[in-house]
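Colleague: Below is the file model08.cif, with mmCIF, C-alpha atoms.
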data_input
#
loop_
_atom_site.label_atom_id
_atom_site.label_comp_id
_atom_site.auth_asym_id
_atom_site.auth_seq_id
_atom_site.Cartn_x
_atom_site.Cartn_y
_atom_site.Cartn_z
CA MET G 1 177.29 154.45 71.48
CA THR G 2 179.93 156.03 73.60
CA HIS G 3 183.47 155.36 74.70
CA ILE G 4 185.61 155.61 71.55
CA ALA G 5 189.28 155.73 72.45
CA ASP G 6 191.60 157.78 70.31
CA MET G 7 193.79 154.98 69.07
CA GLU G 8 196.21 157.40 67.45
CA THR G 9 197.63 158.22 70.86
CA GLU G 10 198.24 154.62 71.87
CA THR G 11 201.45 153.87 70.01
CA GLU G 12 202.79 151.31 72.43
CA ASP G 13 199.52 149.46 72.87
CA LEU G 14 200.55 146.45 70.90
CA SER G 15 203.65 145.70 72.79
CA ARG G 16 200.89 143.79 74.62
CA ARG G 17 201.58 140.32 73.41
CA SER G 18 199.20 137.59 72.43
CA ILE G 19 199.24 134.46 74.57
CA GLY G 20 198.76 131.77 71.97
CA ALA G 21 195.08 131.40 71.12
CA ARG G 22 194.13 132.94 74.47
CA ARG G 23 193.24 136.62 74.25
CA ASN G 24 195.41 139.17 75.97
CA PRO G 25 192.87 141.49 77.67
CA ALA G 26 194.80 144.69 76.90
CA SER G 27 195.23 143.77 73.25
CA GLN G 28 191.60 142.70 72.97
CA GLU G 29 190.28 146.00 74.30
CA ALA G 30 192.59 148.01 72.05
CA ILE G 31 191.46 146.07 68.99
CA LEU G 32 187.79 146.43 69.93
CA ASP G 33 188.27 150.16 70.44
CA ALA G 34 189.91 150.37 67.03
CA ALA G 35 187.14 148.31 65.44
CA GLU G 36 184.50 150.62 66.89
CA ALA G 37 186.37 153.67 65.61
CA VAL G 38 186.60 152.18 62.11
CA LEU G 39 182.88 151.42 62.15
CA ARG G 40 182.04 154.94 63.20
CA GLU G 41 184.28 156.55 60.61
CA GLY G 42 183.81 154.24 57.63
CA GLY G 43 180.55 152.46 58.30
CA ILE G 44 179.95 148.85 57.36
CA ALA G 45 181.36 149.31 53.86
CA GLY G 46 184.68 150.58 55.21
CA PHE G 47 185.02 147.92 57.90
CA SER G 48 187.64 145.22 57.41
CA ILE G 49 190.22 143.30 59.41
CA GLU G 50 192.91 145.20 57.52
CA ALA G 51 191.45 148.58 58.50
CA VAL G 52 191.18 147.56 62.13
CA ALA G 53 194.74 146.21 62.17
CA ARG G 54 196.04 149.53 60.84
CA ARG G 55 194.06 151.52 63.38
CA ALA G 56 195.08 149.31 66.31
CA ARG G 57 198.69 148.98 65.12
CA ALA G 58 198.19 145.24 65.41
CA GLY G 59 199.18 142.34 63.22
CA LYS G 60 196.44 140.77 61.15
CA PRO G 61 197.40 137.26 62.33
CA THR G 62 196.62 138.28 65.92
CA ILE G 63 193.19 139.57 64.96
CA TYR G 64 192.39 136.54 62.81
CA ARG G 65 193.48 134.22 65.60
CA TRP G 66 190.86 135.72 67.91
CA TRP G 67 188.22 136.74 65.37
CA PRO G 68 188.07 134.43 62.33
CA ASN G 69 186.16 136.93 60.20
CA ARG G 70 185.01 140.54 60.21
CA THR G 71 181.49 139.58 61.31
CA ALA G 72 182.77 138.00 64.52
CA LEU G 73 184.74 141.18 65.26
CA MET G 74 181.77 143.44 64.53
CA LEU G 75 179.61 141.27 66.76
CA ASP G 76 182.08 141.54 69.63
CA VAL G 77 182.05 145.34 69.35
CA TYR G 78 178.25 145.19 69.42
CA THR G 79 178.22 142.75 72.34
CA ARG G 80 180.52 144.89 74.45
CA PHE G 81 177.95 147.69 74.42
CA LYS G 82 174.96 145.37 74.70
CA ASN G 83 176.37 143.78 77.85
CA ALA G 84 176.58 147.20 79.47
CA ARG G 85 172.76 147.21 79.60
CA ALA G 86 171.47 145.10 82.48
CA PHE G 87 168.48 142.85 81.94
CA PRO G 88 165.35 144.30 83.58
CA ASP G 89 163.97 143.20 86.92
CA THR G 90 160.77 145.19 87.40
CA GLY G 91 158.96 142.67 89.58
CA THR G 92 156.45 141.61 86.91
CA LEU G 93 156.76 139.63 83.69
CA ARG G 94 154.91 142.30 81.74
CA GLY G 95 157.20 145.01 83.02
CA ASP G 96 160.29 142.93 82.31
CA LEU G 97 159.24 142.10 78.73
CA VAL G 98 158.32 145.72 77.99
CA ALA G 99 161.69 146.89 79.33
CA PHE G 100 163.48 144.08 77.46
CA LEU G 101 161.89 145.06 74.16
CA ASP G 102 162.24 148.78 74.75
CA ASN G 103 165.75 148.92 76.23
CA GLN G 104 167.60 145.80 75.11
CA LEU G 105 166.24 145.61 71.57
CA LEU G 106 164.37 148.43 69.84
CA GLY G 107 165.61 151.21 72.08
CA PHE G 108 169.17 149.93 71.79
CA TRP G 109 169.01 150.01 67.99
CA LYS G 110 167.07 153.24 67.51
CA ASP G 111 169.14 156.00 65.86
CA SER G 112 172.29 154.07 66.71
CA LEU G 113 175.28 152.52 65.00
CA CYS G 114 174.35 149.41 66.98
CA GLY G 115 171.28 148.88 64.83
CA THR G 116 173.30 149.30 61.64
CA VAL G 117 175.93 146.83 62.82
CA TYR G 118 173.40 144.21 63.88
CA ARG G 119 171.52 144.44 60.60
CA ALA G 120 174.83 143.88 58.81
CA VAL G 121 175.62 140.85 60.97
CA ILE G 122 172.21 139.30 60.24
CA ALA G 123 172.61 140.00 56.53
CA GLU G 124 176.08 138.48 56.34
CA ALA G 125 174.91 135.40 58.24
CA GLN G 126 172.56 134.58 55.34
CA SER G 127 175.43 133.82 52.97
CA ASP G 128 178.53 133.27 55.10
CA ALA G 129 178.89 130.16 57.27
CA GLY G 130 181.36 131.84 59.62
CA ALA G 131 179.03 134.80 60.14
CA GLU G 132 176.11 132.46 60.75
CA GLU G 133 178.10 130.55 63.37
CA ALA G 134 179.07 133.77 65.16
CA LEU G 135 175.48 135.02 65.16
CA GLN G 136 174.10 131.72 66.44
CA ALA G 137 176.60 131.65 69.30
CA TYR G 138 175.70 135.20 70.25
CA GLN G 139 171.98 134.49 70.09
CA ALA G 140 172.29 131.34 72.19
CA ASP G 141 174.04 133.28 74.94
CA ARG G 142 171.56 136.18 74.88
CA LYS G 143 168.60 133.83 74.88
CA GLN G 144 169.84 132.00 77.96
CA ARG G 145 170.07 135.31 79.78
CA ALA G 146 166.61 136.41 78.65
CA LEU G 147 164.97 133.15 79.77
CA VAL G 148 165.52 134.29 83.35
CA LEU G 149 162.74 136.86 82.86
CA VAL G 150 160.20 134.08 82.34
CA GLU G 151 161.67 131.74 84.93
CA ARG G 152 161.33 134.47 87.55
CA ALA G 153 157.68 134.87 86.53
CA LYS G 154 157.15 131.14 87.06
CA ALA G 155 158.65 131.42 90.54
CA ARG G 156 156.26 134.29 91.33
CA GLY G 157 153.29 132.29 90.08
CA GLU G 158 152.52 134.72 87.24
CA VAL G 159 152.52 131.97 84.62
CA SER G 160 152.14 128.19 84.58
CA GLN G 161 155.21 126.12 85.40
CA ASP G 162 155.02 124.35 82.04
CA VAL G 163 155.13 127.59 80.02
CA ASP G 164 157.66 127.46 77.18
CA ALA G 165 159.96 130.29 78.24
CA ALA G 166 162.01 130.05 75.04
CA LEU G 167 158.91 130.53 72.91
CA ILE G 168 157.90 133.69 74.75
CA ILE G 169 161.35 135.19 74.29
CA ASP G 170 161.40 134.12 70.62
CA LEU G 171 158.08 135.87 69.96
CA VAL G 172 159.24 139.12 71.53
CA VAL G 173 162.63 139.05 69.80
CA ALA G 174 161.05 138.13 66.45
CA TYR G 175 158.95 141.30 66.51
CA ALA G 176 162.06 143.38 67.20
CA TRP G 177 164.12 141.66 64.50
CA HIS G 178 161.41 142.21 61.90
CA GLN G 179 161.23 145.92 62.66
CA LEU G 180 165.02 146.21 62.52
CA LEU G 181 165.30 144.45 59.18
CA VAL G 182 162.58 146.50 57.50
CA GLY G 183 163.89 149.75 58.95
CA HIS G 184 160.91 150.54 61.17
CA VAL G 185 162.55 150.56 64.59
CA ALA G 186 161.51 154.10 65.56
CA GLN G 187 157.90 153.65 64.44
CA SER G 188 157.56 150.28 66.16
CA MET G 189 158.47 151.52 69.62
CA SER G 190 154.97 152.90 70.16
CA LYS G 191 153.64 149.32 69.95
CA VAL G 192 155.93 147.76 72.55
CA GLU G 193 153.27 147.41 75.23
CA ALA G 194 150.69 146.09 72.77
CA VAL G 195 153.13 143.45 71.53
CA VAL G 196 153.88 142.27 75.06
CA ASP G 197 150.18 142.21 75.99
CA THR G 198 149.40 140.14 72.90
CA VAL G 199 152.11 137.61 73.75
CA LEU G 200 150.97 137.37 77.36
CA LEU G 201 147.35 136.95 76.32
CA GLY G 202 148.29 133.56 74.86
CA THR G 203 150.58 132.55 77.72
CA PRO G 204 149.13 129.68 79.81
CA GLY G 205 148.22 130.67 83.34
CA TYR G 206 149.27 134.27 82.98
CA ARG G 207 147.97 136.47 85.77
CA ALA G 208 148.66 140.19 85.76
#
What does the file become when written as structure tokens?

Modeller:
Amino acid sequence: MTHIADMETETEDLSRRSIGARRNPASQEAILDAAEAVLREGGIAGFSIEAVARRARAGKPTIYRWWPNRTALMLDVYTRFKNARAFPDTGTLRGDLVAFLDNQLLGFWKDSLCGTVYRAVIAEAQSDAGAEEALQAYQADRKQRALVLVERAKARGEVSQDVDAALIIDLVVAYAWHQLLVGHVAQSMSKVEAVVDTVLLGTPGYRA
């Protein structure tokens, strides 16, 4: 990941005031920059709301008002970088799914703090209701965006109109998640095209 601000130089940053429960954009960005810096320096083990508050020179109540737990804050740092990567539009469903798996998932996690953060979010969601809620909200948003890849293919006549777009996306994402959780992201990237071809082989009406 890139774009880590040196928060030590921003001493007046948190004269930016909160506006009730609504996030002040300047404060939000400063806190996210601080959260990213803490993650880079201390890793998951050293990441806490307290550490971020110190780095951002912010009050903990402000952070907790906008992010109810550390997982939600980690996920927003992750999301900020994920959203910088546009969804593919290659002109074919196969090309889009290969690019989606390669660039938005496995390639995004490979040799990156992003992969470490997302693994931590998934792990915390298994035992923390707040973390689970944050992850589900994130996943719902990302899935809605990814469904466009299949809907475009329907419009082009590449697949049947009754194809379950959500299932196709789930199958592709499930492969990526498994590789992330078992620590095989780098090795799995050589199988991206084979995974997509296998999914498409079972897709009703698919025409290359």

Colleague: As a ChimeraX atom specification, please: the residues near Val199 in chain G (cut-off 12 Å, only C-alpha atoms, same-chain neighbours under 3 positions excluded).

Modeller: /G:93-94,97-98,165,167-175,192-196,202-204,206

Colleague: What residues come out when you apply the PyMOL selection byres ((chain G and resi 153) around 10) to this file, written as a PyMOL selection string?

Modeller: chain G and resi 91-94+96+148-152+154-161+165+206-207

Colleague: Distance CA of Arg80 in chain G-CA of Ile31 in chain G, one decimal place?

Modeller: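 Between CA of Arg80 in chain G and CA of Ile31 in chain G the gap is 12.3 Å.
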
Colleague: Do you have the CA of Gly43 in chain G-CA of Phe87 in chain G distance handy?

Modeller: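 Separation of CA of Gly43 in chain G and CA of Phe87 in chain G: 28.2 Å.
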
Colleague: Applied to this file, what does the PyMOL selection byres ((chain G and resi 40) around 12) return in terms of residues, put as a PyMOL selection string?

Modeller: chain G and resi 1-5+33-39+41-47+52+74+77+112-114+116-117

Colleague: With all atoms listed in the file as the basis for distance, which of G:Gly95, G:Trp109, G:Phe81, G:Asp162 is at the shortest distance from His184 in chain G?

Modeller: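 Closest candidate: G:Trp109.
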
Colleague: One decimal, Å: what's the distance from CA of Val121 in chain G over to CA of Tyr78 in chain G, could you say?

Modeller: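 Value for the CA of Val121 in chain G-CA of Tyr78 in chain G distance: 9.9 Å.
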
Colleague: Using only C-alpha atoms, can you tell me which of G:Pro88, G:Arg57, G:Leu200, G:Glu29 comes closest to Asp164 in chain G?

Modeller: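 Smallest separation from Asp164 in chain G among the options: G:Leu200.
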
Colleague: Show me, as a PyMOL selection string, the residues that have an atom within 12 Å of Gln136 in chain G when counting all atoms listed in the file, minus same-chain residues fewer than 2 positions from it.

Modeller: chain G and resi 71-72+75+121-122+125-126+129-134+138-143

Colleague: List the residues matched by the PyMOL selection byres ((chain G and resi 185) around 12) in the displayed structure as number ranges by chain, ordered by chain and then by residue number.

Modeller: G: 101-102, 105-112, 115-116, 119, 175-184, 186-192

Colleague: Output, as JSON, the centre and edge lengths in Å (one decimal) of the axis-aligned box that contains all listed atoms of range 61-76 of chain G with 8 Å of margin on each side.

Modeller:
{"center_x": 188.5, "center_y": 138.8, "center_z": 64.9, "size_x": 33.8, "size_y": 25.2, "size_z": 25.4}

Colleague: Looking at only C-alpha atoms, which of G:Tyr118, G:Ala123, G:Ala84, G:Phe100 is the one that sits closest to Leu147 in chain G?

Modeller: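 Smallest distance to Leu147 in chain G is found for G:Phe100.
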